[in-house]
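For reference, work38.cif is printed below; it contains mmCIF, N, CA and C atoms.
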```cif
data_coords
#
loop_
_atom_site.label_atom_id
_atom_site.label_comp_id
_atom_site.auth_asym_id
_atom_site.auth_seq_id
_atom_site.Cartn_x
_atom_site.Cartn_y
_atom_site.Cartn_z
N MET A 23 -84.45 116.95 301.28
CA MET A 23 -84.35 116.18 300.06
C MET A 23 -84.21 117.17 298.90
N ASN A 24 -83.42 116.83 297.93
CA ASN A 24 -83.30 117.64 296.73
C ASN A 24 -84.35 117.21 295.71
N VAL A 25 -85.12 118.16 295.23
CA VAL A 25 -86.21 117.90 294.28
C VAL A 25 -85.86 118.59 292.96
N PRO A 26 -85.89 117.86 291.84
CA PRO A 26 -85.58 118.48 290.55
C PRO A 26 -86.71 119.40 290.08
N ILE A 27 -86.33 120.58 289.60
CA ILE A 27 -87.29 121.51 289.00
C ILE A 27 -86.71 122.04 287.70
N LYS A 28 -87.59 122.55 286.85
CA LYS A 28 -87.15 123.13 285.58
C LYS A 28 -87.16 124.65 285.70
N LEU A 29 -86.10 125.26 285.23
CA LEU A 29 -86.02 126.72 285.19
C LEU A 29 -86.69 127.22 283.92
N GLU A 30 -86.94 128.52 283.85
CA GLU A 30 -87.61 129.09 282.68
C GLU A 30 -86.85 128.82 281.39
N GLY A 31 -85.54 128.79 281.43
CA GLY A 31 -84.73 128.55 280.23
C GLY A 31 -84.70 127.10 279.80
N GLY A 32 -85.31 126.21 280.59
CA GLY A 32 -85.34 124.79 280.24
C GLY A 32 -84.32 123.95 281.00
N ASN A 33 -83.38 124.61 281.69
CA ASN A 33 -82.41 123.86 282.48
C ASN A 33 -83.08 123.25 283.70
N GLN A 34 -82.50 122.17 284.19
CA GLN A 34 -83.02 121.52 285.38
C GLN A 34 -82.01 121.64 286.51
N ILE A 35 -82.51 121.99 287.71
CA ILE A 35 -81.67 122.04 288.89
C ILE A 35 -82.41 121.35 290.03
N ASN A 36 -81.71 121.11 291.13
CA ASN A 36 -82.32 120.55 292.33
C ASN A 36 -82.49 121.65 293.36
N ILE A 37 -83.67 121.68 294.01
CA ILE A 37 -83.90 122.62 295.10
C ILE A 37 -84.13 121.82 296.38
N PRO A 38 -83.68 122.34 297.52
CA PRO A 38 -83.89 121.60 298.77
C PRO A 38 -85.31 121.80 299.31
N ILE A 39 -85.89 120.71 299.76
CA ILE A 39 -87.19 120.71 300.43
C ILE A 39 -86.95 120.04 301.78
N ASP A 40 -87.45 120.64 302.86
CA ASP A 40 -87.18 120.13 304.19
C ASP A 40 -87.64 118.68 304.38
N THR A 41 -88.87 118.41 304.00
CA THR A 41 -89.43 117.06 304.19
C THR A 41 -90.32 116.70 303.00
N VAL A 42 -90.21 115.46 302.57
CA VAL A 42 -91.05 114.95 301.50
C VAL A 42 -91.72 113.69 302.03
N VAL A 43 -93.06 113.69 302.04
CA VAL A 43 -93.81 112.59 302.63
C VAL A 43 -94.84 112.07 301.62
N MET A 44 -94.81 110.76 301.39
CA MET A 44 -95.83 110.14 300.54
C MET A 44 -96.95 109.64 301.45
N PRO A 45 -98.19 110.08 301.20
CA PRO A 45 -99.31 109.63 302.03
C PRO A 45 -99.46 108.10 301.97
N LYS A 46 -99.97 107.52 303.05
CA LYS A 46 -100.20 106.07 303.09
C LYS A 46 -101.15 105.63 301.98
N THR A 47 -102.08 106.52 301.62
CA THR A 47 -103.07 106.17 300.60
C THR A 47 -102.57 106.50 299.19
N GLY A 48 -101.31 106.96 299.08
CA GLY A 48 -100.77 107.34 297.78
C GLY A 48 -100.67 106.16 296.83
N LYS A 49 -100.90 106.46 295.57
CA LYS A 49 -100.83 105.44 294.52
C LYS A 49 -99.67 105.79 293.59
N SER A 50 -99.29 104.88 292.78
CA SER A 50 -98.22 105.12 291.81
C SER A 50 -98.57 106.33 290.95
N GLY A 51 -97.64 107.26 290.84
CA GLY A 51 -97.87 108.47 290.06
C GLY A 51 -98.37 109.65 290.87
N ASP A 52 -98.79 109.40 292.13
CA ASP A 52 -99.22 110.50 293.00
C ASP A 52 -98.01 111.30 293.46
N PHE A 53 -98.24 112.56 293.77
CA PHE A 53 -97.18 113.41 294.30
C PHE A 53 -97.12 113.29 295.81
N PRO A 54 -95.93 113.37 296.36
CA PRO A 54 -95.82 113.42 297.82
C PRO A 54 -96.15 114.82 298.31
N PHE A 55 -96.25 114.98 299.61
CA PHE A 55 -96.37 116.30 300.22
C PHE A 55 -94.97 116.87 300.35
N PHE A 56 -94.77 118.08 299.89
CA PHE A 56 -93.53 118.80 300.11
C PHE A 56 -93.76 119.72 301.30
N ILE A 57 -92.95 119.60 302.33
CA ILE A 57 -93.14 120.40 303.54
C ILE A 57 -91.91 121.25 303.79
N GLU A 58 -92.13 122.54 303.92
CA GLU A 58 -91.08 123.51 304.22
C GLU A 58 -91.37 124.05 305.61
N ALA A 59 -90.45 123.85 306.56
CA ALA A 59 -90.65 124.30 307.93
C ALA A 59 -89.89 125.60 308.17
N LYS A 60 -90.56 126.56 308.79
CA LYS A 60 -89.95 127.84 309.12
C LYS A 60 -90.16 128.13 310.60
N SER A 61 -89.13 128.56 311.25
CA SER A 61 -89.20 128.89 312.67
C SER A 61 -89.19 130.40 312.85
N ALA A 62 -90.03 130.89 313.75
CA ALA A 62 -90.05 132.32 314.03
C ALA A 62 -88.73 132.78 314.62
N GLY A 63 -87.97 131.85 315.19
CA GLY A 63 -86.68 132.20 315.76
C GLY A 63 -85.56 132.27 314.74
N ASP A 64 -85.86 131.95 313.49
CA ASP A 64 -84.86 132.03 312.42
C ASP A 64 -84.63 133.50 312.10
N PHE A 65 -83.42 133.97 312.29
CA PHE A 65 -83.15 135.40 312.13
C PHE A 65 -82.74 135.76 310.71
N THR A 66 -83.02 134.88 309.76
CA THR A 66 -82.78 135.21 308.36
C THR A 66 -83.63 136.42 307.99
N ASN A 67 -83.14 137.23 307.07
CA ASN A 67 -83.90 138.38 306.59
C ASN A 67 -85.28 137.91 306.16
N VAL A 68 -86.31 138.43 306.82
CA VAL A 68 -87.69 137.97 306.58
C VAL A 68 -88.12 138.21 305.15
N ASN A 69 -87.81 139.37 304.58
CA ASN A 69 -88.21 139.64 303.20
C ASN A 69 -87.54 138.68 302.23
N LYS A 70 -86.27 138.37 302.47
CA LYS A 70 -85.56 137.42 301.62
C LYS A 70 -86.18 136.04 301.74
N ARG A 71 -86.51 135.64 302.96
CA ARG A 71 -87.10 134.32 303.18
C ARG A 71 -88.46 134.22 302.50
N ARG A 72 -89.27 135.27 302.60
CA ARG A 72 -90.59 135.27 301.95
C ARG A 72 -90.44 135.09 300.45
N LYS A 73 -89.52 135.82 299.86
CA LYS A 73 -89.31 135.72 298.41
C LYS A 73 -88.84 134.32 298.02
N GLU A 74 -87.96 133.74 298.82
CA GLU A 74 -87.48 132.39 298.54
C GLU A 74 -88.63 131.38 298.58
N GLU A 75 -89.53 131.52 299.55
CA GLU A 75 -90.67 130.61 299.66
C GLU A 75 -91.58 130.73 298.44
N ALA A 76 -91.87 131.95 298.03
CA ALA A 76 -92.73 132.18 296.86
C ALA A 76 -92.07 131.65 295.60
N THR A 77 -90.77 131.87 295.46
CA THR A 77 -90.05 131.38 294.29
C THR A 77 -90.07 129.86 294.24
N LYS A 78 -89.85 129.23 295.39
CA LYS A 78 -89.85 127.76 295.45
C LYS A 78 -91.21 127.21 295.03
N MET A 79 -92.29 127.81 295.53
CA MET A 79 -93.63 127.35 295.18
C MET A 79 -93.89 127.52 293.69
N ASN A 80 -93.52 128.67 293.13
CA ASN A 80 -93.72 128.89 291.70
C ASN A 80 -92.91 127.92 290.86
N GLN A 81 -91.70 127.59 291.28
CA GLN A 81 -90.88 126.62 290.55
C GLN A 81 -91.51 125.23 290.59
N LEU A 82 -92.04 124.85 291.75
CA LEU A 82 -92.70 123.55 291.87
C LEU A 82 -93.95 123.49 290.99
N LEU A 83 -94.74 124.57 290.99
CA LEU A 83 -95.94 124.61 290.15
C LEU A 83 -95.60 124.54 288.67
N ARG A 84 -94.56 125.29 288.26
CA ARG A 84 -94.16 125.30 286.86
C ARG A 84 -93.67 123.92 286.41
N THR A 85 -93.01 123.21 287.29
CA THR A 85 -92.46 121.90 286.94
C THR A 85 -93.49 120.79 287.02
N TYR A 86 -94.30 120.78 288.09
CA TYR A 86 -95.19 119.65 288.35
C TYR A 86 -96.67 119.95 288.17
N GLY A 87 -97.03 121.20 287.93
CA GLY A 87 -98.42 121.55 287.72
C GLY A 87 -99.19 121.70 289.01
N ASP A 88 -100.50 121.86 288.89
CA ASP A 88 -101.37 122.13 290.04
C ASP A 88 -101.52 120.95 290.99
N ASN A 89 -101.01 119.77 290.61
CA ASN A 89 -101.13 118.62 291.49
C ASN A 89 -100.07 118.58 292.58
N VAL A 90 -99.10 119.50 292.53
CA VAL A 90 -98.06 119.54 293.55
C VAL A 90 -98.68 119.95 294.88
N ARG A 91 -98.23 119.33 295.96
CA ARG A 91 -98.76 119.62 297.30
C ARG A 91 -97.63 120.18 298.14
N PHE A 92 -97.69 121.49 298.39
CA PHE A 92 -96.65 122.21 299.12
C PHE A 92 -97.24 122.74 300.41
N ASN A 93 -96.61 122.41 301.53
CA ASN A 93 -97.08 122.86 302.84
C ASN A 93 -96.00 123.70 303.49
N LEU A 94 -96.38 124.87 303.92
CA LEU A 94 -95.47 125.75 304.65
C LEU A 94 -95.84 125.65 306.11
N PHE A 95 -94.96 125.07 306.91
CA PHE A 95 -95.21 124.82 308.33
C PHE A 95 -94.50 125.89 309.14
N LEU A 96 -95.28 126.80 309.73
CA LEU A 96 -94.72 127.91 310.50
C LEU A 96 -94.74 127.57 311.98
N CYS A 97 -93.58 127.63 312.61
CA CYS A 97 -93.45 127.29 314.02
C CYS A 97 -93.14 128.56 314.80
N GLY A 98 -93.93 128.85 315.82
CA GLY A 98 -93.69 130.04 316.62
C GLY A 98 -94.65 131.14 316.25
N TYR A 99 -94.28 132.37 316.58
CA TYR A 99 -95.15 133.51 316.35
C TYR A 99 -94.79 134.20 315.03
N PHE A 100 -95.77 134.30 314.15
CA PHE A 100 -95.64 135.04 312.90
C PHE A 100 -96.76 136.06 312.88
N ASN A 101 -96.42 137.33 312.68
CA ASN A 101 -97.45 138.36 312.72
C ASN A 101 -98.33 138.32 311.47
N SER A 102 -99.41 139.05 311.51
CA SER A 102 -100.38 139.03 310.41
C SER A 102 -99.78 139.56 309.12
N GLY A 103 -98.79 140.45 309.21
CA GLY A 103 -98.13 140.94 308.01
C GLY A 103 -97.43 139.83 307.25
N TYR A 104 -96.82 138.93 307.96
CA TYR A 104 -96.14 137.79 307.33
C TYR A 104 -97.15 136.89 306.63
N LEU A 105 -98.23 136.60 307.34
CA LEU A 105 -99.25 135.72 306.77
C LEU A 105 -99.93 136.38 305.58
N GLY A 106 -100.16 137.69 305.65
CA GLY A 106 -100.75 138.41 304.53
C GLY A 106 -99.87 138.38 303.30
N TYR A 107 -98.57 138.47 303.50
CA TYR A 107 -97.63 138.41 302.38
C TYR A 107 -97.69 137.04 301.74
N GLU A 108 -97.73 135.99 302.54
CA GLU A 108 -97.80 134.64 301.99
C GLU A 108 -99.07 134.47 301.15
N ALA A 109 -100.17 135.00 301.63
CA ALA A 109 -101.42 134.90 300.87
C ALA A 109 -101.32 135.70 299.58
N ALA A 110 -100.70 136.88 299.63
CA ALA A 110 -100.56 137.72 298.45
C ALA A 110 -99.67 137.06 297.40
N GLU A 111 -98.70 136.28 297.85
CA GLU A 111 -97.81 135.57 296.93
C GLU A 111 -98.44 134.29 296.39
N GLY A 112 -99.63 133.96 296.87
CA GLY A 112 -100.31 132.77 296.38
C GLY A 112 -99.93 131.50 297.07
N LEU A 113 -99.15 131.58 298.14
CA LEU A 113 -98.72 130.37 298.82
C LEU A 113 -99.85 129.66 299.54
N THR A 114 -100.94 130.38 299.81
CA THR A 114 -102.04 129.73 300.49
C THR A 114 -103.20 129.43 299.56
N GLY A 115 -103.03 129.65 298.26
CA GLY A 115 -104.18 129.44 297.40
C GLY A 115 -103.91 128.87 296.03
N CYS A 116 -102.69 128.46 295.71
CA CYS A 116 -102.47 127.91 294.37
C CYS A 116 -102.10 126.45 294.48
N GLY A 117 -102.56 125.68 293.52
CA GLY A 117 -102.29 124.25 293.56
C GLY A 117 -102.91 123.66 294.82
N ASN A 118 -102.22 122.72 295.40
CA ASN A 118 -102.66 122.11 296.66
C ASN A 118 -101.76 122.63 297.77
N THR A 119 -101.75 123.93 297.94
CA THR A 119 -100.86 124.56 298.88
C THR A 119 -101.58 124.81 300.20
N GLU A 120 -100.90 124.56 301.29
CA GLU A 120 -101.46 124.80 302.59
C GLU A 120 -100.48 125.57 303.44
N LEU A 121 -101.02 126.37 304.33
CA LEU A 121 -100.21 127.08 305.30
C LEU A 121 -100.59 126.52 306.65
N MET A 122 -99.64 125.88 307.33
CA MET A 122 -99.92 125.27 308.62
C MET A 122 -99.21 126.08 309.69
N ILE A 123 -99.94 126.42 310.73
CA ILE A 123 -99.37 127.22 311.81
C ILE A 123 -99.48 126.44 313.11
#
```

Show me, as structure tokens, the structure contained in the file I just sent.
Amino acid sequence: MNVPIKLEGGNQINIPIDTVVMPKTGKSGDFPFFIEAKSAGDFTNVNKRRKEEATKMNQLLRTYGDNVRFNLFLCGYFNSGYLGYEAAEGLTGCGNTELMI
């Protein structure tokens, strides 16, 4: 799904999010869960992918505030260096962010 975000200059663009789910208990005005799925078998440049994930989270936070719920769903084997980078970028500790393995 394409989700609108605001850039630093004030322009608005759409960014792709793999899955957007509204909880059954959600009320009008609540944010859905944004879920980004990553596979260990994805041979994309890991450093580039990490930066893209951090950028996406920061854009969502800047646009929607701390109430945004972003989940990074990691499928397969990810070494501790990858997980440490995600924590250092704040993906596991800002807003309502979760790292699911």

* Structure fact -> Residue with the minimum atom-to-atom distance to A:Tyr86, picked from A:Pro45, A:Pro38, A:Gly31, A:Pro26 with only N, CA and C atoms counted, is A:Pro26

The centre and edge lengths of an axis-aligned box containing all atoms of stretch 29-45 of chain A present in the file, extended by 3 Å on each side, are to be given in Å to one decimal, as AutoDock Vina command-line options.
```
--center_x -90.6 --center_y 118.6 --center_z 292.1 --size_x 23.8 --size_y 27.0 --size_z 30.6
```

* Selection dump of the PyMOL selection byres (((chain A and resi 44 and name CA) around 12) and name CA), as a list of chain:residue names -> A:Thr41, A:Val42, A:Val43, A:Pro45, A:Lys46, A:Thr47, A:Gly48, A:Lys49, A:Ser50, A:Gly51, A:Asp52, A:Phe53, A:Pro54, A:Phe55, A:Phe56, A:Ile57, A:Val90, A:Arg91

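Atom to atom, atom CA of A:Lys28 and atom C of A:Gln81 stand 7.0 Å apart.
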
* Asked: Expanded to explicit residues, what is the PyMOL selection byres (((chain A and resi 35 and name CA) around 12) and name CA) for this file, as a ChimeraX atom specification?
  -> /A:24-34,36-38,78,81-82,85

Write a file of the selected residues as a compact mmCIF listing (two decimals), keeping the file's coordinate frame, keeping N, CA and C atoms.
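Result file is out.txt:
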```txt
# COMPACT_ATOMS: atom_id res chain seq x y z
N ASN A 24 -83.42 116.83 297.93
CA ASN A 24 -83.30 117.64 296.73
C ASN A 24 -84.35 117.21 295.71
N VAL A 25 -85.12 118.16 295.23
CA VAL A 25 -86.21 117.90 294.28
C VAL A 25 -85.86 118.59 292.96
N PRO A 26 -85.89 117.86 291.84
CA PRO A 26 -85.58 118.48 290.55
C PRO A 26 -86.71 119.40 290.08
N ILE A 27 -86.33 120.58 289.60
CA ILE A 27 -87.29 121.51 289.00
C ILE A 27 -86.71 122.04 287.70
N LYS A 28 -87.59 122.55 286.85
CA LYS A 28 -87.15 123.13 285.58
C LYS A 28 -87.16 124.65 285.70
N LEU A 29 -86.10 125.26 285.23
CA LEU A 29 -86.02 126.72 285.19
C LEU A 29 -86.69 127.22 283.92
N GLU A 30 -86.94 128.52 283.85
CA GLU A 30 -87.61 129.09 282.68
C GLU A 30 -86.85 128.82 281.39
N GLY A 31 -85.54 128.79 281.43
CA GLY A 31 -84.73 128.55 280.23
C GLY A 31 -84.70 127.10 279.80
N GLY A 32 -85.31 126.21 280.59
CA GLY A 32 -85.34 124.79 280.24
C GLY A 32 -84.32 123.95 281.00
N ASN A 33 -83.38 124.61 281.69
CA ASN A 33 -82.41 123.86 282.48
C ASN A 33 -83.08 123.25 283.70
N GLN A 34 -82.50 122.17 284.19
CA GLN A 34 -83.02 121.52 285.38
C GLN A 34 -82.01 121.64 286.51
N ASN A 36 -81.71 121.11 291.13
CA ASN A 36 -82.32 120.55 292.33
C ASN A 36 -82.49 121.65 293.36
N ILE A 37 -83.67 121.68 294.01
CA ILE A 37 -83.90 122.62 295.10
C ILE A 37 -84.13 121.82 296.38
N PRO A 38 -83.68 122.34 297.52
CA PRO A 38 -83.89 121.60 298.77
C PRO A 38 -85.31 121.80 299.31
N LYS A 78 -89.85 129.23 295.39
CA LYS A 78 -89.85 127.76 295.45
C LYS A 78 -91.21 127.21 295.03
N GLN A 81 -91.70 127.59 291.28
CA GLN A 81 -90.88 126.62 290.55
C GLN A 81 -91.51 125.23 290.59
N LEU A 82 -92.04 124.85 291.75
CA LEU A 82 -92.70 123.55 291.87
C LEU A 82 -93.95 123.49 290.99
N THR A 85 -93.01 123.21 287.29
CA THR A 85 -92.46 121.90 286.94
C THR A 85 -93.49 120.79 287.02
```

* To do: Select, from A:Ala59, A:Lys70, A:Ile39, A:Thr77, the residue with the minimum atom-to-atom distance to A:Cys97, counting only N, CA and C atoms.
  =>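 Of the candidates, the smallest distance to A:Cys97 is held by A:Ala59.
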
* Structure fact -> Between atom CA of A:Lys60 and atom CA of A:Phe95 lies a distance of 6.1 Å

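The coordinates place atom N of A:Ser61 at 25.2 Å from atom CA of A:Asn89.
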